[in-house]
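Engineer: Sending over structure.cif (mmCIF, C-alpha atoms).
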data_coords
#
loop_
_atom_site.label_atom_id
_atom_site.label_comp_id
_atom_site.auth_asym_id
_atom_site.auth_seq_id
_atom_site.Cartn_x
_atom_site.Cartn_y
_atom_site.Cartn_z
CA MET D 1 20.16 162.31 250.55
CA THR D 2 19.15 159.69 248.00
CA LYS D 3 20.76 158.34 244.86
CA LYS D 4 17.83 159.76 242.88
CA GLN D 5 18.62 163.27 244.14
CA LEU D 6 22.26 162.90 243.11
CA GLU D 7 21.20 161.65 239.68
CA GLU D 8 18.95 164.70 239.18
CA SER D 9 21.73 167.11 240.16
CA VAL D 10 24.18 165.39 237.81
CA GLU D 11 21.69 165.22 234.96
CA TYR D 12 21.05 168.96 235.23
CA LEU D 13 24.77 169.71 235.03
CA LYS D 14 25.36 167.35 232.13
CA LYS D 15 22.61 169.11 230.19
CA ARG D 16 24.41 172.39 230.90
CA GLY D 17 27.56 170.97 229.28
CA PHE D 18 29.48 169.62 232.26
CA ASP D 19 31.08 166.84 230.24
CA ALA D 20 33.31 164.27 232.03
CA PRO D 21 35.57 166.53 234.13
CA GLU D 22 38.80 164.94 235.34
CA ILE D 23 39.60 167.38 238.15
CA GLY D 24 37.40 168.80 240.92
CA ILE D 25 38.51 171.95 242.74
CA VAL D 26 37.06 173.50 245.93
CA LEU D 27 38.02 177.14 246.52
CA GLY D 28 38.25 178.55 250.04
CA THR D 29 37.42 181.92 251.57
CA GLY D 30 39.01 184.74 249.59
CA LEU D 31 40.41 182.27 247.07
CA GLY D 32 38.33 182.86 243.95
CA GLN D 33 40.89 184.04 241.40
CA LEU D 34 41.45 180.55 240.02
CA VAL D 35 38.22 180.89 238.04
CA ASN D 36 40.00 183.44 235.82
CA GLU D 37 42.23 180.58 234.62
CA ILE D 38 39.32 178.51 233.30
CA GLU D 39 39.08 178.32 229.51
CA ASN D 40 35.64 178.17 227.85
CA PRO D 41 33.80 178.36 231.18
CA VAL D 42 30.25 177.13 231.70
CA GLU D 43 28.56 178.23 234.91
CA ALA D 44 25.79 176.75 237.02
CA HIS D 45 24.60 178.74 240.02
CA TYR D 46 23.92 176.67 243.12
CA ASN D 47 20.35 177.92 243.40
CA HIS D 48 19.60 176.41 239.97
CA ILE D 49 21.08 172.95 240.62
CA PRO D 50 18.50 170.51 242.00
CA TYR D 51 19.06 169.66 245.70
CA PHE D 52 22.15 171.87 245.97
CA PRO D 53 22.56 173.98 249.13
CA LEU D 54 23.05 177.75 248.76
CA ALA D 55 26.22 179.62 249.76
CA THR D 56 25.55 182.31 252.37
CA VAL D 57 29.05 183.67 253.10
CA GLU D 58 29.68 186.98 251.37
CA PHE D 59 33.17 185.91 250.25
CA HIS D 60 31.76 182.86 248.43
CA SER D 61 29.93 183.43 245.16
CA GLY D 62 27.97 180.19 244.92
CA LYS D 63 28.47 178.50 241.57
CA LEU D 64 30.01 175.53 239.84
CA ILE D 65 32.21 176.40 236.87
CA TYR D 66 33.21 173.88 234.22
CA GLY D 67 35.98 174.32 231.67
CA SER D 68 39.64 173.60 230.93
CA ILE D 69 42.56 174.29 233.27
CA ALA D 70 46.10 173.44 232.17
CA GLY D 71 44.69 171.32 229.37
CA LYS D 72 42.36 169.21 231.50
CA LYS D 73 38.61 169.35 232.02
CA ALA D 74 37.79 170.61 235.48
CA VAL D 75 34.81 171.56 237.60
CA VAL D 76 35.46 174.31 240.14
CA MET D 77 33.38 174.91 243.22
CA GLN D 78 33.42 178.68 243.80
CA GLY D 79 31.84 178.97 247.21
CA ARG D 80 31.70 176.13 249.71
CA PHE D 81 29.42 175.33 252.65
CA HIS D 82 30.19 175.38 256.37
CA LEU D 83 28.66 174.09 259.59
CA TYR D 84 28.66 177.66 260.93
CA GLU D 85 26.16 178.67 258.24
CA GLY D 86 23.65 176.20 259.65
CA TYR D 87 24.25 173.45 257.10
CA ASP D 88 24.63 169.84 258.13
CA PHE D 89 27.39 167.51 257.03
CA LEU D 90 25.33 166.06 254.16
CA ASP D 91 24.75 169.57 252.73
CA ILE D 92 28.43 170.48 253.07
CA THR D 93 29.63 167.39 251.22
CA TYR D 94 26.83 167.02 248.66
CA PRO D 95 28.84 168.86 245.95
CA ILE D 96 31.76 166.41 246.36
CA ARG D 97 29.41 163.53 245.63
CA VAL D 98 28.00 165.39 242.62
CA MET D 99 31.46 166.10 241.20
CA HIS D 100 32.39 162.45 241.71
CA GLN D 101 29.26 161.36 239.83
CA LEU D 102 30.20 163.74 237.02
CA GLY D 103 33.43 161.79 236.67
CA ILE D 104 36.25 163.60 238.51
CA LYS D 105 39.30 161.43 239.27
CA LYS D 106 41.23 163.85 241.54
CA LEU D 107 40.12 166.47 244.06
CA PHE D 108 41.97 169.72 244.85
CA ILE D 109 40.94 171.65 247.98
CA SER D 110 42.03 175.07 249.24
CA ASN D 111 41.19 177.00 252.38
CA ALA D 112 42.20 180.05 254.35
CA ALA D 113 43.53 179.15 257.79
CA GLY D 114 45.25 180.54 260.84
CA ALA D 115 48.85 179.55 261.61
CA ILE D 116 49.15 177.82 264.97
CA ASN D 117 52.71 176.71 264.26
CA LEU D 118 54.59 179.92 265.01
CA ASP D 119 57.33 179.01 262.52
CA PHE D 120 54.69 179.67 259.86
CA LYS D 121 53.80 183.22 258.82
CA LYS D 122 50.97 185.18 257.19
CA GLY D 123 51.03 184.60 253.46
CA ASP D 124 52.60 181.13 253.68
CA ILE D 125 51.07 178.17 251.88
CA MET D 126 50.76 174.96 253.88
CA LEU D 127 50.39 171.58 252.22
CA ILE D 128 48.02 169.56 254.41
CA GLU D 129 49.55 166.21 255.36
CA ASP D 130 46.94 165.16 257.91
CA HIS D 131 44.04 166.60 259.85
CA ILE D 132 42.20 166.61 263.17
CA ASN D 133 38.39 166.69 263.11
CA LEU D 134 36.98 168.86 265.92
CA GLN D 135 33.67 169.56 264.20
CA GLY D 136 31.78 167.14 266.40
CA GLY D 137 30.40 164.84 263.74
CA SER D 138 30.89 162.98 260.49
CA PRO D 139 29.40 163.28 256.98
CA LEU D 140 29.22 159.47 256.94
CA ALA D 141 27.01 159.20 260.03
CA PHE D 142 23.65 158.73 258.32
CA LYS D 143 21.33 155.74 258.04
CA ASN D 144 21.69 154.80 254.38
CA VAL D 145 25.42 155.50 254.02
CA ALA D 146 26.03 151.89 252.93
CA GLU D 147 24.16 152.67 249.68
CA PHE D 148 26.97 155.07 248.77
CA GLY D 149 30.03 153.10 249.92
CA ASP D 150 31.60 151.39 252.90
CA ARG D 151 30.36 152.60 256.27
CA PHE D 152 33.79 152.29 257.90
CA VAL D 153 36.32 154.28 255.92
CA ASP D 154 40.08 154.01 256.38
CA MET D 155 41.69 157.39 257.13
CA SER D 156 45.29 156.30 257.67
CA GLU D 157 46.43 158.45 254.70
CA PRO D 158 43.58 160.83 253.80
CA TYR D 159 45.72 163.06 251.53
CA ASP D 160 47.21 161.45 248.43
CA VAL D 161 50.95 160.87 248.86
CA ASP D 162 51.74 160.94 245.13
CA MET D 163 50.09 164.35 244.59
CA ARG D 164 51.71 165.71 247.75
CA ASN D 165 55.14 164.63 246.52
CA LYS D 166 54.52 166.16 243.11
CA ILE D 167 53.40 169.52 244.50
CA GLU D 168 56.43 169.58 246.81
CA ASP D 169 58.73 168.93 243.83
CA ILE D 170 57.06 171.73 241.85
CA ALA D 171 57.49 174.18 244.74
CA LYS D 172 61.13 173.16 245.22
CA LYS D 173 62.03 173.51 241.54
CA GLU D 174 60.45 176.96 241.35
CA GLY D 175 61.72 178.23 244.69
CA THR D 176 58.22 178.62 246.11
CA SER D 177 58.08 178.34 249.89
CA LEU D 178 55.74 175.52 250.90
CA GLN D 179 55.10 174.58 254.52
CA LYS D 180 53.72 171.18 255.51
CA GLY D 181 51.54 170.33 258.45
CA VAL D 182 48.38 169.22 260.22
CA TYR D 183 45.10 171.11 259.73
CA VAL D 184 42.51 171.13 262.48
CA SER D 185 38.89 171.87 261.60
CA VAL D 186 36.61 173.55 264.14
CA VAL D 187 32.99 174.66 263.89
CA GLY D 188 33.29 178.47 264.12
CA PRO D 189 32.23 181.07 263.16
CA GLN D 190 33.87 182.68 266.21
CA LEU D 191 37.63 182.54 266.23
CA GLU D 192 39.58 180.87 269.00
CA THR D 193 40.46 182.13 272.46
CA LYS D 194 44.08 182.19 273.65
CA ALA D 195 43.42 179.05 275.68
CA GLU D 196 41.91 177.31 272.64
CA TYR D 197 44.94 178.15 270.48
CA ARG D 198 47.18 176.67 273.17
CA MET D 199 45.01 173.55 273.28
CA LEU D 200 45.11 173.13 269.48
CA LYS D 201 48.89 173.46 269.48
CA THR D 202 49.11 170.81 272.22
CA LEU D 203 46.94 168.51 270.08
CA GLY D 204 49.48 168.74 267.26
CA ALA D 205 47.79 171.18 264.87
CA ASP D 206 49.83 173.51 262.64
CA ALA D 207 46.86 175.45 261.21
CA VAL D 208 43.20 175.92 262.09
CA GLY D 209 40.14 176.52 259.93
CA MET D 210 36.42 175.85 259.65
CA SER D 211 36.18 173.67 256.54
CA THR D 212 37.85 170.98 254.40
CA VAL D 213 37.69 167.97 256.74
CA PRO D 214 34.09 166.95 255.90
CA GLU D 215 34.87 167.10 252.18
CA VAL D 216 38.05 165.06 252.68
CA ILE D 217 36.20 162.38 254.63
CA VAL D 218 33.63 162.01 251.86
CA ALA D 219 36.32 162.00 249.16
CA ASN D 220 37.98 159.12 251.00
CA HIS D 221 34.60 157.41 251.16
CA LEU D 222 34.46 157.75 247.37
CA ARG D 223 38.14 156.70 247.02
CA LEU D 224 38.97 160.03 245.40
CA PRO D 225 42.65 161.07 245.70
CA ILE D 226 42.95 164.50 247.35
CA VAL D 227 45.51 167.26 247.60
CA ALA D 228 44.73 170.17 249.91
CA VAL D 229 46.48 173.41 250.81
CA SER D 230 45.89 176.14 253.36
CA VAL D 231 46.69 179.77 252.64
CA LEU D 232 47.77 181.07 256.06
CA THR D 233 46.12 184.42 256.60
CA ASP D 234 46.85 185.14 260.26
CA GLU D 235 49.24 184.12 263.04
CA CYS D 236 47.59 182.60 266.11
CA ASP D 237 50.12 183.43 268.81
CA PRO D 238 48.25 183.25 272.14
CA ASP D 239 50.94 185.36 273.86
CA ASN D 240 50.56 188.19 271.33
CA LEU D 241 47.00 187.81 270.11
CA GLN D 242 45.55 190.76 268.21
CA PRO D 243 41.84 191.34 267.47
CA ILE D 244 40.90 189.70 264.19
CA ASN D 245 40.62 191.77 261.02
CA ILE D 246 38.52 189.89 258.46
CA GLN D 247 39.33 192.34 255.65
CA GLU D 248 43.04 191.84 256.24
CA ILE D 249 42.53 188.06 256.10
CA ILE D 250 40.78 188.39 252.73
CA GLU D 251 43.54 190.69 251.43
CA ILE D 252 46.31 188.27 252.46
CA ALA D 253 44.41 185.38 250.87
CA GLY D 254 44.13 187.39 247.65
CA LYS D 255 47.84 188.27 247.59
CA THR D 256 48.97 184.70 248.24
CA GLU D 257 46.48 183.01 245.96
CA PRO D 258 48.48 183.44 242.69
CA LYS D 259 51.23 181.20 244.13
CA MET D 260 48.63 178.57 245.05
CA ILE D 261 47.04 178.79 241.60
CA HIS D 262 50.41 178.26 239.94
CA LEU D 263 51.12 175.18 242.07
CA PHE D 264 47.68 173.75 241.28
CA LYS D 265 48.07 174.38 237.54
CA GLU D 266 51.51 172.79 237.40
CA LEU D 267 50.23 169.78 239.33
CA ILE D 268 47.22 169.44 237.00
CA LYS D 269 49.63 169.27 234.06
CA GLN D 270 51.45 166.34 235.68
CA ILE D 271 48.53 164.11 236.60
#
Translate this file's structure into structure tokens.
Structural biologist:
Amino acid sequence: MTKKQLEESVEYLKKRGFDAPEIGIVLGTGLGQLVNEIENPVEAHYNHIPYFPLATVEFHSGKLIYGSIAGKKAVVMQGRFHLYEGYDFLDITYPIRVMHQLGIKKLFISNAAGAINLDFKKGDIMLIEDHINLQGGSPLAFKNVAEFGDRFVDMSEPYDVDMRNKIEDIAKKEGTSLQKGVYVSVVGPQLETKAEYRMLKTLGADAVGMSTVPEVIVANHLRLPIVAVSVLTDECDPDNLQPINIQEIIEIAGKTEPKMIHLFKELIKQI
């Protein structure tokens, strides 16, 4: 990755009409309905943006969408990238750097995850307070990282406290159930064994997924405030573990997503 590549990507998008967005949003697996809330949308497919990776997961459509949400200019990433698709950390986080260069001031992230905390249930929304990186690497571990920011990035509070407090207040006022917890990111694409779920619980994780952490690390590198939520699509009880049903996961994500969208929109209004 070079600064020139980033400049070319950004220049392409600006010519398409991506004009000074304030908010960046990354949508997780099965969480694409938010795009229906975008007013006056302008789309750019990943395969047309210079140096952009391509989405390969069938539940991710692979485009950036620019427009207004709750009265603010936003750029929405519909379709993200994962290690399990064969991408490296620079590919996965390249769009975050592009959105930052376009001008975003806040980053919203969503994902679908499994509930390790057995007090949490399918269909719950979990506000991510902290994370554990078990993906075996870092998106900042490359030779010329110092050209893009500090090499050693503080991660004592990776998720913005002010936005977390605001989204909690919104949920409380509206009677929306909102869990809080620690997200652990693994490589995938296989799901965990019973022994692995027990290990993750012992480590202090409340939910497990295969994304989000690389993007959060880079956002912290760029000093971008982040709020992130997990839509919990399955319960990872090692003593009663059922074979995974991907279609059911997508259905649960789709049913829960409207609550997440509402929380995001109300938060956008406040910031």
Engineer: Can you pull out every residue within 8 Å of Gln33 in chain D, counting all atoms listed in the file, but drop anything in the same chain fewer than 3 positions away, and send it as a ChimeraX atom specification?
Structural biologist: /D:36-37,254,257-258
Engineer: Between D:Gly24, D:Pro225, D:Gly149, D:Gly209, which is the closest to Val98 in chain D once you count only C-alpha atoms?
Structural biologist: D:Gly24
Engineer: Quick one: of D:Leu222, D:Met260, D:Met1, D:Leu54, who's nearest to Arg151 in chain D, counting all atoms listed in the file?
Structural biologist: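 Going through D:Leu222, D:Met260, D:Met1, D:Leu54 one by one, the smallest distance to Arg151 in chain D is for D:Leu222.
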Engineer: Between CA of Ile252 in chain D and CA of Gly28 in chain D, what distance in Å does the model show, to one decimal?
Structural biologist: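 Atom-to-atom, CA of Ile252 in chain D to CA of Gly28 in chain D, that is 12.9 Å.
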Engineer: Just how far from CA of Val184 in chain D is CA of Val208 in chain D, in Å to one decimal?
Structural biologist: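 Separation between CA of Val208 in chain D and CA of Val184 in chain D: 4.9 Å.
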Engineer: Choose the residue, out of D:Val76, D:Ile261, D:Ile250, D:Val161, that has the smallest atom-to-atom separation from Ile226 in chain D; count only C-alpha atoms.
Structural biologist: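 Closest to Ile226 in chain D, using only C-alpha atoms: D:Val161.
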Engineer: Hey, what comes out of the PyMOL selection byres ((chain D and resi 97) around 10) on this file? Could you write it as JSON, numbers by chain?
Structural biologist: {"D": [6, 10, 90, 93, 94, 95, 96, 98, 99, 100, 101, 102, 103, 104, 148, 215, 218, 219, 221, 222]}
Engineer: For Lys194 in chain D, which of D:Gln270, D:Gly86, D:Ser138, D:Gln242 is the closest residue, counting all atoms listed in the file?
Structural biologist: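 Checking each candidate against Lys194 in chain D, we get D:Gln242 as the closest.
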Engineer: Fewer than 2 positions away in the same chain doesn't count, so skip those; otherwise give me all residues within 12 Å of Asp150 in chain D, counting all atoms listed in the file, as a list in words.
Structural biologist: Leu140, Ala141, Asn144, Val145, Ala146, Glu147, Phe148, Phe152, Val153, Asp154, Val218, Asn220, His221, Leu222 and Arg223 of chain D
Engineer: Restricting the calculation to only C-alpha atoms, which member of D:Leu191, D:Met163, D:Val231, D:Asn40 is positioned closest to Ile246 in chain D?
Structural biologist: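 Of all the options, D:Leu191 lies closest to Ile246 in chain D.
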Engineer: For the file shown, what are the residues hit by the PyMOL selection byres ((chain D and resi 233) around 9), laid out as a list in words?
Structural biologist: Ala112, Ala113, Gly114, Ala115, Lys121, Lys122, Gly123, Asp124, Ser230, Val231, Leu232, Asp234, Glu235, Glu248, Ile249, Ile250, Glu251, Ile252, Ala253 and Thr256 of chain D
Engineer: Which residues are close to Tyr84 in chain D, i.e. within 12 Å by only C-alpha atoms, leaving aside same-chain residues fewer than 2 positions away? Reply as an NGL selection string.
Structural biologist: :D and (55-57 or 80-82 or 86-89 or 92 or 135 or 185-191 or 209-211)
Engineer: Let me see the file: selected residues, C-alpha atoms, as a short mmCIF file (atom, residue, chain, number, x, y, z; two decimals), in the coordinates of the input.
Structural biologist:
data_model
loop_
_atom_site.label_atom_id
_atom_site.label_comp_id
_atom_site.auth_asym_id
_atom_site.auth_seq_id
_atom_site.Cartn_x
_atom_site.Cartn_y
_atom_site.Cartn_z
CA ALA D 55 26.22 179.62 249.76
CA THR D 56 25.55 182.31 252.37
CA VAL D 57 29.05 183.67 253.10
CA ARG D 80 31.70 176.13 249.71
CA PHE D 81 29.42 175.33 252.65
CA HIS D 82 30.19 175.38 256.37
CA GLY D 86 23.65 176.20 259.65
CA TYR D 87 24.25 173.45 257.10
CA ASP D 88 24.63 169.84 258.13
CA PHE D 89 27.39 167.51 257.03
CA ILE D 92 28.43 170.48 253.07
CA GLN D 135 33.67 169.56 264.20
CA SER D 185 38.89 171.87 261.60
CA VAL D 186 36.61 173.55 264.14
CA VAL D 187 32.99 174.66 263.89
CA GLY D 188 33.29 178.47 264.12
CA PRO D 189 32.23 181.07 263.16
CA GLN D 190 33.87 182.68 266.21
CA LEU D 191 37.63 182.54 266.23
CA GLY D 209 40.14 176.52 259.93
CA MET D 210 36.42 175.85 259.65
CA SER D 211 36.18 173.67 256.54
#
Engineer: Can you list, as a ChimeraX atom specification, the residues that the PyMOL selection byres ((chain D and resi 64) around 8) selects here?
Structural biologist: /D:43-46,62-63,65-66,75-78
Engineer: Would you please work out which residue, of D:Thr202, D:Gln247, D:Ser156, D:Asn133, is nearest to Ile116 in chain D when using all atoms listed in the file?
Structural biologist: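 Distance minimum relative to Ile116 in chain D lands on D:Thr202.
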Engineer: Between CA of Cys236 in chain D and CA of Gly175 in chain D, what is the spacing in Å?
Structural biologist: 26.0 Å
Engineer: Dig up all the protein and nucleic acid residues within 10 Å of (54.8, 178.0, 243.7) in the file frame, using all atoms listed in the file, and format them as a VMD selection string.
Structural biologist: chain D and resid 125 167 to 178 256 to 266
Engineer: Neighbours of Tyr12 in chain D within 9 Å (all atoms listed in the file; same-chain residues fewer than 6 positions away dropped), as a ChimeraX atom specification?
Structural biologist: /D:18,48-50
Engineer: Go ahead and save the picked residues with C-alpha atoms, as a CSV table (one decimal), in the frame of the given file.
Structural biologist:
chain,number,residue,atom,x,y,z
D,18,PHE,CA,29.5,169.6,232.3
D,48,HIS,CA,19.6,176.4,240.0
D,49,ILE,CA,21.1,173.0,240.6
D,50,PRO,CA,18.5,170.5,242.0
